[in-house]
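This is structure-v6.cif. It holds mmCIF, C-alpha atoms; chains and numbers go by the auth columns.
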```
data_run
#
loop_
_atom_site.group_PDB
_atom_site.id
_atom_site.type_symbol
_atom_site.label_atom_id
_atom_site.label_comp_id
_atom_site.label_asym_id
_atom_site.label_seq_id
_atom_site.Cartn_x
_atom_site.Cartn_y
_atom_site.Cartn_z
_atom_site.B_iso_or_equiv
_atom_site.auth_seq_id
_atom_site.auth_asym_id
ATOM 1 C CA MET A 1 249.442 -74.529 37.280 0.00 1 Q
ATOM 2 C CA ASP A 2 250.413 -78.123 37.658 0.00 2 Q
ATOM 3 C CA LYS A 3 247.907 -80.933 37.560 0.00 3 Q
ATOM 4 C CA MET A 4 247.914 -83.484 40.336 0.00 4 Q
ATOM 5 C CA GLU A 5 248.531 -87.187 40.035 0.00 5 Q
ATOM 6 C CA PRO A 6 245.606 -89.627 39.782 0.00 6 Q
ATOM 7 C CA SER A 7 246.408 -91.019 43.244 0.00 7 Q
ATOM 8 C CA MET A 8 246.072 -87.556 44.793 0.00 8 Q
ATOM 9 C CA LYS A 9 242.824 -86.957 42.895 0.00 9 Q
ATOM 10 C CA ALA A 10 241.490 -90.259 44.238 0.00 10 Q
ATOM 11 C CA PHE A 11 242.528 -89.261 47.756 0.00 11 Q
ATOM 12 C CA PHE A 12 240.736 -85.906 47.519 0.00 12 Q
ATOM 13 C CA LEU A 13 237.651 -87.619 46.113 0.00 13 Q
ATOM 14 C CA PHE A 14 237.652 -90.205 48.920 0.00 14 Q
ATOM 15 C CA VAL A 15 238.105 -87.617 51.685 0.00 15 Q
ATOM 16 C CA GLY A 16 235.467 -85.334 50.167 0.00 16 Q
ATOM 17 C CA LEU A 17 232.946 -88.176 49.963 0.00 17 Q
ATOM 18 C CA ILE A 18 233.687 -89.224 53.558 0.00 18 Q
ATOM 19 C CA LEU A 19 233.128 -85.639 54.733 0.00 19 Q
ATOM 20 C CA TRP A 20 229.831 -85.401 52.816 0.00 20 Q
ATOM 21 C CA ALA A 21 228.747 -88.767 54.233 0.00 21 Q
ATOM 22 C CA GLY A 22 229.494 -87.489 57.735 0.00 22 Q
ATOM 23 C CA ILE A 23 227.549 -84.290 57.064 0.00 23 Q
ATOM 24 C CA TRP A 24 224.625 -86.323 55.750 0.00 24 Q
ATOM 25 C CA LEU A 25 224.663 -88.758 58.690 0.00 25 Q
ATOM 26 C CA THR A 26 224.877 -85.918 61.209 0.00 26 Q
ATOM 27 C CA GLY A 27 222.177 -83.884 59.531 0.00 27 Q
ATOM 28 C CA PHE A 28 222.503 -80.963 57.163 0.00 28 Q
ATOM 29 C CA ASP A 29 220.779 -78.593 59.580 0.00 29 Q
ATOM 30 C CA VAL A 30 222.901 -79.632 62.582 0.00 30 Q
ATOM 31 C CA ILE A 31 226.459 -78.991 61.407 0.00 31 Q
ATOM 32 C CA HIS A 32 228.106 -75.614 61.156 0.00 32 Q
ATOM 33 C CA TRP A 33 228.283 -74.073 57.678 0.00 33 Q
ATOM 34 C CA LEU A 34 232.085 -73.966 57.830 0.00 34 Q
ATOM 35 C CA LEU A 35 232.305 -77.749 57.433 0.00 35 Q
ATOM 36 C CA TYR A 36 230.792 -77.449 53.959 0.00 36 Q
ATOM 37 C CA LEU A 37 233.888 -75.595 52.698 0.00 37 Q
ATOM 38 C CA PRO A 38 236.547 -78.342 52.932 0.00 38 Q
ATOM 39 C CA ALA A 39 234.048 -80.993 51.841 0.00 39 Q
ATOM 40 C CA THR A 40 233.247 -79.006 48.709 0.00 40 Q
ATOM 41 C CA PHE A 41 236.839 -77.957 48.002 0.00 41 Q
ATOM 42 C CA PHE A 42 238.049 -81.562 48.203 0.00 42 Q
ATOM 43 C CA LEU A 43 235.508 -82.654 45.592 0.00 43 Q
ATOM 44 C CA ILE A 44 236.222 -79.691 43.316 0.00 44 Q
ATOM 45 C CA SER A 45 239.962 -80.378 43.547 0.00 45 Q
ATOM 46 C CA ALA A 46 239.403 -84.025 42.664 0.00 46 Q
ATOM 47 C CA ILE A 47 237.271 -83.107 39.646 0.00 47 Q
ATOM 48 C CA ILE A 48 239.379 -80.322 38.108 0.00 48 Q
ATOM 49 C CA GLY A 49 242.780 -81.641 39.243 0.00 49 Q
ATOM 50 C CA ILE A 50 244.024 -78.383 40.744 0.00 50 Q
ATOM 51 C CA CYS A 51 244.072 -77.750 44.476 0.00 51 Q
ATOM 52 C CA PRO A 52 244.409 -74.049 45.363 0.00 52 Q
ATOM 53 C CA GLY A 53 245.343 -74.833 48.959 0.00 53 Q
ATOM 54 C CA LEU A 54 248.119 -77.174 47.878 0.00 54 Q
ATOM 55 C CA LEU A 55 249.502 -74.582 45.459 0.00 55 Q
ATOM 56 C CA PHE A 56 249.362 -71.905 48.157 0.00 56 Q
ATOM 57 C CA PHE A 57 251.274 -73.953 50.711 0.00 57 Q
ATOM 58 C CA ARG A 58 253.837 -75.091 48.134 0.00 58 Q
ATOM 59 C CA GLU A 59 254.632 -71.428 47.524 0.00 59 Q
ATOM 60 C CA ILE A 60 254.905 -70.668 51.229 0.00 60 Q
ATOM 61 C CA PHE A 61 257.193 -73.592 52.045 0.00 61 Q
ATOM 62 C CA ARG A 62 259.208 -73.513 48.824 0.00 62 Q
ATOM 63 C CA GLU A 63 262.921 -73.576 49.453 0.00 63 Q
ATOM 64 C CA LYS A 64 264.719 -70.403 48.511 0.00 64 Q
ATOM 65 C CA GLN A 65 267.251 -70.789 45.708 0.00 65 Q
ATOM 66 C CA PRO A 66 270.616 -69.116 46.305 0.00 66 Q
#
```
What does the file become when written as structure tokens?
Amino acid sequence: MDKMEPSMKAFFLFVGLILWAGIWLTGFDVIHWLLYLPATFFLISAIIGICPGLLFFREIFREKQP
């Protein structure tokens, strides 16, 4: 597993905090539960430095070696 760069960690942290701010401003009881997933995953990825979604899509779109 490869760790991500500090700039990507900062991006995930920023996006996760913006999503949580939007959830808070809208109201926790108003939004659908599905919106909690990306907001939480962004923060977890920023904290631990590994993004499972990014690893998954790198494998899918990896160029085949001859």
Residues within 10 Å of stretch 33-45 of chain Q, please, as a PDB file with C-alpha atoms, in the frame of the given file. Count all atoms listed in the file; anything in the same chain fewer than 5 positions from it doesn't count.
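Below is the file that was written, result-v2.pdb:
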```
ATOM      1  CA  LYS Q   3     247.907 -80.933  37.560  1.00  0.00           C
ATOM      2  CA  MET Q   4     247.914 -83.484  40.336  1.00  0.00           C
ATOM      3  CA  MET Q   8     246.072 -87.556  44.793  1.00  0.00           C
ATOM      4  CA  LYS Q   9     242.824 -86.957  42.895  1.00  0.00           C
ATOM      5  CA  ALA Q  10     241.490 -90.259  44.238  1.00  0.00           C
ATOM      6  CA  PHE Q  11     242.528 -89.261  47.756  1.00  0.00           C
ATOM      7  CA  PHE Q  12     240.736 -85.906  47.519  1.00  0.00           C
ATOM      8  CA  LEU Q  13     237.651 -87.619  46.113  1.00  0.00           C
ATOM      9  CA  PHE Q  14     237.652 -90.205  48.920  1.00  0.00           C
ATOM     10  CA  VAL Q  15     238.105 -87.617  51.685  1.00  0.00           C
ATOM     11  CA  GLY Q  16     235.467 -85.334  50.167  1.00  0.00           C
ATOM     12  CA  LEU Q  17     232.946 -88.176  49.963  1.00  0.00           C
ATOM     13  CA  ILE Q  18     233.687 -89.224  53.558  1.00  0.00           C
ATOM     14  CA  LEU Q  19     233.128 -85.639  54.733  1.00  0.00           C
ATOM     15  CA  TRP Q  20     229.831 -85.401  52.816  1.00  0.00           C
ATOM     16  CA  ALA Q  21     228.747 -88.767  54.233  1.00  0.00           C
ATOM     17  CA  GLY Q  22     229.494 -87.489  57.735  1.00  0.00           C
ATOM     18  CA  ILE Q  23     227.549 -84.290  57.064  1.00  0.00           C
ATOM     19  CA  PHE Q  28     222.503 -80.963  57.163  1.00  0.00           C
ATOM     20  CA  ILE Q  50     244.024 -78.383  40.744  1.00  0.00           C
ATOM     21  CA  CYS Q  51     244.072 -77.750  44.476  1.00  0.00           C
ATOM     22  CA  PRO Q  52     244.409 -74.049  45.363  1.00  0.00           C
ATOM     23  CA  GLY Q  53     245.343 -74.833  48.959  1.00  0.00           C
ATOM     24  CA  LEU Q  54     248.119 -77.174  47.878  1.00  0.00           C
TER      25      LEU Q  54
END
```
Next item on the list: For atom CA of Q:Trp24 and atom CA of Q:Leu55, determine how far apart the two atoms are, in Å to one decimal place.
Entry: 29.4 Å
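From atom CA of Q:Leu25 back to atom CA of Q:Pro6, the distance works out to 28.2 Å.
Of note, atom CA of Q:Glu63 and atom CA of Q:Glu5 are spaced 21.9 Å apart.
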I'd like the box whose edges run along x, y and z of the file and which contains every listed atom of stretch 52-55 of chain Q, padded by 5 Å per side; could you state its centre and edge lengths in Å, one decimal, as AutoDock Vina command-line options?
```
--center_x 247.0 --center_y -75.6 --center_z 47.2 --size_x 15.1 --size_y 13.1 --size_z 13.6
```
Could you write stretch 22-48 of chain Q as a short mmCIF file (atom, residue, chain, number, x, y, z; two decimals), in the coordinates of the input, with N, CA and C atoms rebuilt where they are missing?
```cif
data_model
loop_
_atom_site.label_atom_id
_atom_site.label_comp_id
_atom_site.auth_asym_id
_atom_site.auth_seq_id
_atom_site.Cartn_x
_atom_site.Cartn_y
_atom_site.Cartn_z
N GLY Q 22 229.60 -87.90 56.33
CA GLY Q 22 229.49 -87.49 57.74
C GLY Q 22 228.51 -86.35 57.93
N ILE Q 23 228.51 -85.39 57.00
CA ILE Q 23 227.55 -84.29 57.06
C ILE Q 23 226.14 -84.83 56.92
N TRP Q 24 225.95 -85.75 55.98
CA TRP Q 24 224.62 -86.32 55.75
C TRP Q 24 224.15 -87.13 56.96
N LEU Q 25 225.05 -87.94 57.54
CA LEU Q 25 224.66 -88.76 58.69
C LEU Q 25 224.39 -87.91 59.93
N THR Q 26 225.10 -86.80 60.07
CA THR Q 26 224.88 -85.92 61.21
C THR Q 26 223.60 -85.12 61.04
N GLY Q 27 223.35 -84.71 59.83
CA GLY Q 27 222.18 -83.88 59.53
C GLY Q 27 222.62 -82.56 58.98
N PHE Q 28 222.08 -82.19 57.83
CA PHE Q 28 222.50 -80.96 57.16
C PHE Q 28 222.18 -79.72 57.98
N ASP Q 29 221.16 -79.76 58.80
CA ASP Q 29 220.78 -78.59 59.58
C ASP Q 29 221.49 -78.54 60.93
N VAL Q 30 222.25 -79.57 61.27
CA VAL Q 30 222.90 -79.63 62.58
C VAL Q 30 224.33 -79.08 62.54
N ILE Q 31 225.04 -79.37 61.46
CA ILE Q 31 226.46 -78.99 61.41
C ILE Q 31 226.62 -77.51 61.12
N HIS Q 32 227.79 -77.01 61.43
CA HIS Q 32 228.11 -75.61 61.16
C HIS Q 32 228.40 -75.46 59.67
N TRP Q 33 228.11 -74.30 59.11
CA TRP Q 33 228.28 -74.07 57.68
C TRP Q 33 229.75 -74.17 57.24
N LEU Q 34 230.66 -73.95 58.17
CA LEU Q 34 232.08 -73.97 57.83
C LEU Q 34 232.56 -75.34 57.38
N LEU Q 35 231.91 -76.40 57.83
CA LEU Q 35 232.30 -77.75 57.43
C LEU Q 35 231.99 -78.04 55.97
N TYR Q 36 231.09 -77.27 55.37
CA TYR Q 36 230.79 -77.45 53.96
C TYR Q 36 231.97 -77.04 53.07
N LEU Q 37 232.79 -76.10 53.53
CA LEU Q 37 233.89 -75.60 52.70
C LEU Q 37 234.93 -76.66 52.36
N PRO Q 38 235.55 -77.33 53.34
CA PRO Q 38 236.55 -78.34 52.93
C PRO Q 38 235.93 -79.51 52.18
N ALA Q 39 234.71 -79.88 52.55
CA ALA Q 39 234.05 -80.99 51.84
C ALA Q 39 233.85 -80.65 50.37
N THR Q 40 233.46 -79.44 50.08
CA THR Q 40 233.25 -79.01 48.71
C THR Q 40 234.57 -78.81 47.98
N PHE Q 41 235.55 -78.19 48.64
CA PHE Q 41 236.84 -77.96 48.00
C PHE Q 41 237.56 -79.25 47.66
N PHE Q 42 237.43 -80.27 48.51
CA PHE Q 42 238.05 -81.56 48.20
C PHE Q 42 237.46 -82.16 46.92
N LEU Q 43 236.14 -82.10 46.79
CA LEU Q 43 235.51 -82.65 45.59
C LEU Q 43 235.85 -81.84 44.34
N ILE Q 44 235.86 -80.53 44.46
CA ILE Q 44 236.22 -79.69 43.32
C ILE Q 44 237.66 -79.95 42.89
N SER Q 45 238.56 -80.09 43.86
CA SER Q 45 239.96 -80.38 43.55
C SER Q 45 240.11 -81.73 42.86
N ALA Q 46 239.33 -82.70 43.29
CA ALA Q 46 239.40 -84.02 42.66
C ALA Q 46 238.88 -83.98 41.24
N ILE Q 47 237.87 -83.17 40.98
CA ILE Q 47 237.27 -83.11 39.65
C ILE Q 47 238.15 -82.34 38.67
N ILE Q 48 238.62 -81.14 39.06
CA ILE Q 48 239.38 -80.32 38.11
C ILE Q 48 240.88 -80.62 38.13
#
```
